[in-house]
Amino acid sequence: MSLINNAADDAVFMRGESVAELWVVLQEQEGLPPEYNQEVLAEAKEVAAQYPGQLQLCAVQLRAPLSSPVEKSTVPFFKAVVPERLYVLEHPALGRYTTEGYVAALSWLIRERTPALIVTSATVNGQDWAPRLAAQLGLPFVARCLRFALEQEALLALRALYGGRAYVQTRTRLGRQPALVTFAPGTRGTPPMTGSPAVGLPMPEVITYQPSLAFEERNPSLQHLGIEAPSAEEVELEAAEKIVAGGRGVGREGFAELAAFARLLGAAVGASRVATDRGWVEPERQIGATGKSVSPRLYIACGISGAAQHTSGIREAQTVVAINPDRNAPIFALADLGLLGDAREILRHAMQLLQEESVGV
Ligand SMILES: Cc1cc2nc3c(=O)[nH]c(=O)nc-3n(C[C@H](O)[C@H](O)[C@H](O)COP(=O)(O)OP(=O)(O)OC[C@H]3O[C@@H](n4cnc5c(N)ncnc54)[C@H](O)[C@@H]3O)c2cc1C
């Protein structure tokens, strides 16, 4: 689904200046896959490219002073997409995430620079500070976009509703003030960060600020007590990056092996309706037309035939692996990789390989 974007010289967000700024606020958070920042950068770069020379892609990093030099810590992090400019906001309160620290620091920088658009990933923290910042400054805000674009006088955004069963396109009229957007994590499916930093690409101009911020640093009204992450297999299916799902072909006993394999892989457990109807796994784990719609990076279907009512729930999965002894099973038509054989046997073998790898055999 694409958004129509009419780039124009006299777009309202230009505000008569030669170059407007599109910010990506980088997020650091324990357990946060670093590619979440990368995918927002990639999406924002496409939006900025609609206005060459007029809209500048900038990254914003919040951190404590005296952290390691940006050139060594942050800049190497830019792989496929390098922003033109990196704003580094330093304050003792920004050493770890606090709602008020982020809101105060970003409010300060917004007043200083007045960007056209501010984007961040809709992570736990992103969903916390972004709406508060928008409310405090009275800025337009669109949450959990799958795509977004700027047109002459508006921000266009595509969002999913009802767990991905419907889409809505919104048009937010822009004034002279910035707008804020959060981007649904995992939407672009940016590849994991491997390899070396972008080679041969120009490095960003780095501008560091050390503002004095007016907020109650010692006695914040909101306190971050910590994040308790569920084990990967218990992760909500809609949020799971990897899913191992089982159907009739796995059988009741096979589900214990399937869950052990999922645990080893750091994946959530899913199921076909046959498996949930028979009580092999909880009803919340059902995927499909009358279950959940999922969008993992990896979906491993074990002993699932691939009925339309099931596959309608995995349309957004990026890579599908199917294990089934029946070469005519419909699931193979949409699988990226098909393994012909008994699911339990193949899972046992895969588990052994994973275990050997983890102990370095
Ligand atoms: C209104 C409606 C709504 C529905 N909603 C959903 C829904 O939300 N989700 C859903 O999943 N279904 C739903 N269904 C049911 C759907 O039509 C299918 O019946 C169901 O998905 C089939 O589940 P399955 O693939 O586990 O079983 P089957 O279709 O019976 O397939 C089992 C597969 O296992 C394979 N197999 C056999 N032995 C092995 C082995 N040793 N190792 C590996 N593979 C093996 C077989 O070759 C076969 O392909 C719905 C149906 C209706 C009518």
# chains A, B, ... in the order shown; residues from 1 in each chain; ligands from 1
>>> residues_around(residues="range 93-101 of chain A", least_positions_apart="3", cutoff="7 Å", atoms="only C-alpha atoms", output="list in words")
Leu62, Arg63, Ala64, Glu90, Ala104, Ala105, Asp128, Trp129, Glu217, Leu222 and His224 of chain A
>>> residues_around(residues="range 235-251 of chain A", least_positions_apart="4", cutoff="7 Å", atoms="only C-alpha atoms", output="PyMOL selection string")
chain A and resi 230-231+255+262+267-272+274-275+293-304+343-344
>>> residues_around(residues="Gln56 in chain A", least_positions_apart="2", cutoff="7 Å", atoms="only C-alpha atoms", output="list in words")
Val19, Ala20, Glu21, Leu22, Ala48, Gln54, Cys58 and Glu84 of chain A
>>> write_last_selection(atoms="all heavy atoms", output="mmCIF file, in the first residue's frame")
data_model
loop_
_atom_site.group_PDB
_atom_site.id
_atom_site.type_symbol
_atom_site.label_atom_id
_atom_site.label_comp_id
_atom_site.auth_asym_id
_atom_site.auth_seq_id
_atom_site.Cartn_x
_atom_site.Cartn_y
_atom_site.Cartn_z
ATOM 1 N N VAL A 19 16.317 25.058 4.025
ATOM 2 C CA VAL A 19 16.292 23.615 4.315
ATOM 3 C C VAL A 19 15.504 23.356 5.604
ATOM 4 O O VAL A 19 15.794 23.944 6.638
ATOM 5 C CB VAL A 19 17.724 23.058 4.490
ATOM 6 C CG1 VAL A 19 17.680 21.561 4.778
ATOM 7 C CG2 VAL A 19 18.561 23.329 3.246
ATOM 8 N N ALA A 20 14.502 22.489 5.510
ATOM 9 C CA ALA A 20 13.777 22.061 6.718
ATOM 10 C C ALA A 20 14.399 20.773 7.225
ATOM 11 O O ALA A 20 15.134 20.109 6.502
ATOM 12 C CB ALA A 20 12.304 21.859 6.377
ATOM 13 N N GLU A 21 14.101 20.415 8.469
ATOM 14 C CA GLU A 21 14.735 19.237 9.056
ATOM 15 C C GLU A 21 13.718 18.150 9.388
ATOM 16 O O GLU A 21 12.638 18.433 9.894
ATOM 17 C CB GLU A 21 15.495 19.628 10.341
ATOM 18 C CG GLU A 21 16.676 20.536 10.056
ATOM 19 C CD GLU A 21 17.493 20.869 11.303
ATOM 20 O OE1 GLU A 21 17.107 20.469 12.416
ATOM 21 O OE2 GLU A 21 18.534 21.523 11.146
ATOM 22 N N LEU A 22 14.088 16.924 9.076
ATOM 23 C CA LEU A 22 13.296 15.754 9.473
ATOM 24 C C LEU A 22 14.148 14.990 10.476
ATOM 25 O O LEU A 22 15.232 14.526 10.139
ATOM 26 C CB LEU A 22 12.991 14.886 8.242
ATOM 27 C CG LEU A 22 11.929 13.805 8.359
ATOM 28 C CD1 LEU A 22 11.633 13.212 6.997
ATOM 29 C CD2 LEU A 22 12.251 12.716 9.323
ATOM 30 N N ALA A 48 12.495 12.134 3.101
ATOM 31 C CA ALA A 48 13.345 13.305 2.842
ATOM 32 C C ALA A 48 13.744 13.367 1.372
ATOM 33 O O ALA A 48 13.875 14.449 0.793
ATOM 34 C CB ALA A 48 14.587 13.248 3.732
ATOM 35 N N GLN A 54 15.876 20.188 0.150
ATOM 36 C CA GLN A 54 14.956 21.035 0.929
ATOM 37 C C GLN A 54 14.643 20.444 2.295
ATOM 38 O O GLN A 54 14.247 21.151 3.208
ATOM 39 C CB GLN A 54 13.637 21.194 0.163
ATOM 40 C CG GLN A 54 13.797 21.922 -1.145
ATOM 41 C CD GLN A 54 12.466 21.973 -1.867
ATOM 42 O OE1 GLN A 54 11.935 20.949 -2.271
ATOM 43 N NE2 GLN A 54 11.933 23.165 -1.991
ATOM 44 N N CYS A 58 18.053 14.307 9.807
ATOM 45 C CA CYS A 58 18.912 14.470 10.984
ATOM 46 C C CYS A 58 18.572 13.391 12.002
ATOM 47 O O CYS A 58 17.418 12.992 12.117
ATOM 48 C CB CYS A 58 18.675 15.826 11.664
ATOM 49 S SG CYS A 58 18.804 17.238 10.554
ATOM 50 N N GLU A 84 22.293 13.312 7.539
ATOM 51 C CA GLU A 84 23.219 14.392 7.174
ATOM 52 C C GLU A 84 23.791 15.057 8.413
ATOM 53 O O GLU A 84 24.878 15.590 8.412
ATOM 54 C CB GLU A 84 22.480 15.424 6.318
ATOM 55 C CG GLU A 84 22.117 14.877 4.944
ATOM 56 C CD GLU A 84 21.246 15.839 4.172
ATOM 57 O OE1 GLU A 84 21.740 16.909 3.778
ATOM 58 O OE2 GLU A 84 20.057 15.523 3.970
#
>>> closest_residue(among="A:His91, A:Arg327, A:Arg144, A:Arg113", to="ligand 1", atoms="only C-alpha atoms and all ligand atoms")
A:Arg327
>>> residues_around(residues="Thr172 in chain A", least_positions_apart="6", cutoff="12 Å", atoms="only C-alpha atoms", output="PyMOL selection string")
chain A and resi 139-143+148-158+178-181
>>> select_by_dssp(residues="range 42-252 of chain A", states="helix (DSSP H, G or I)", output="PyMOL selection string")
chain A and resi 42-49+70-73+75-77+92-94+99-113+124-137+162-164+232-234+237-239+251-252
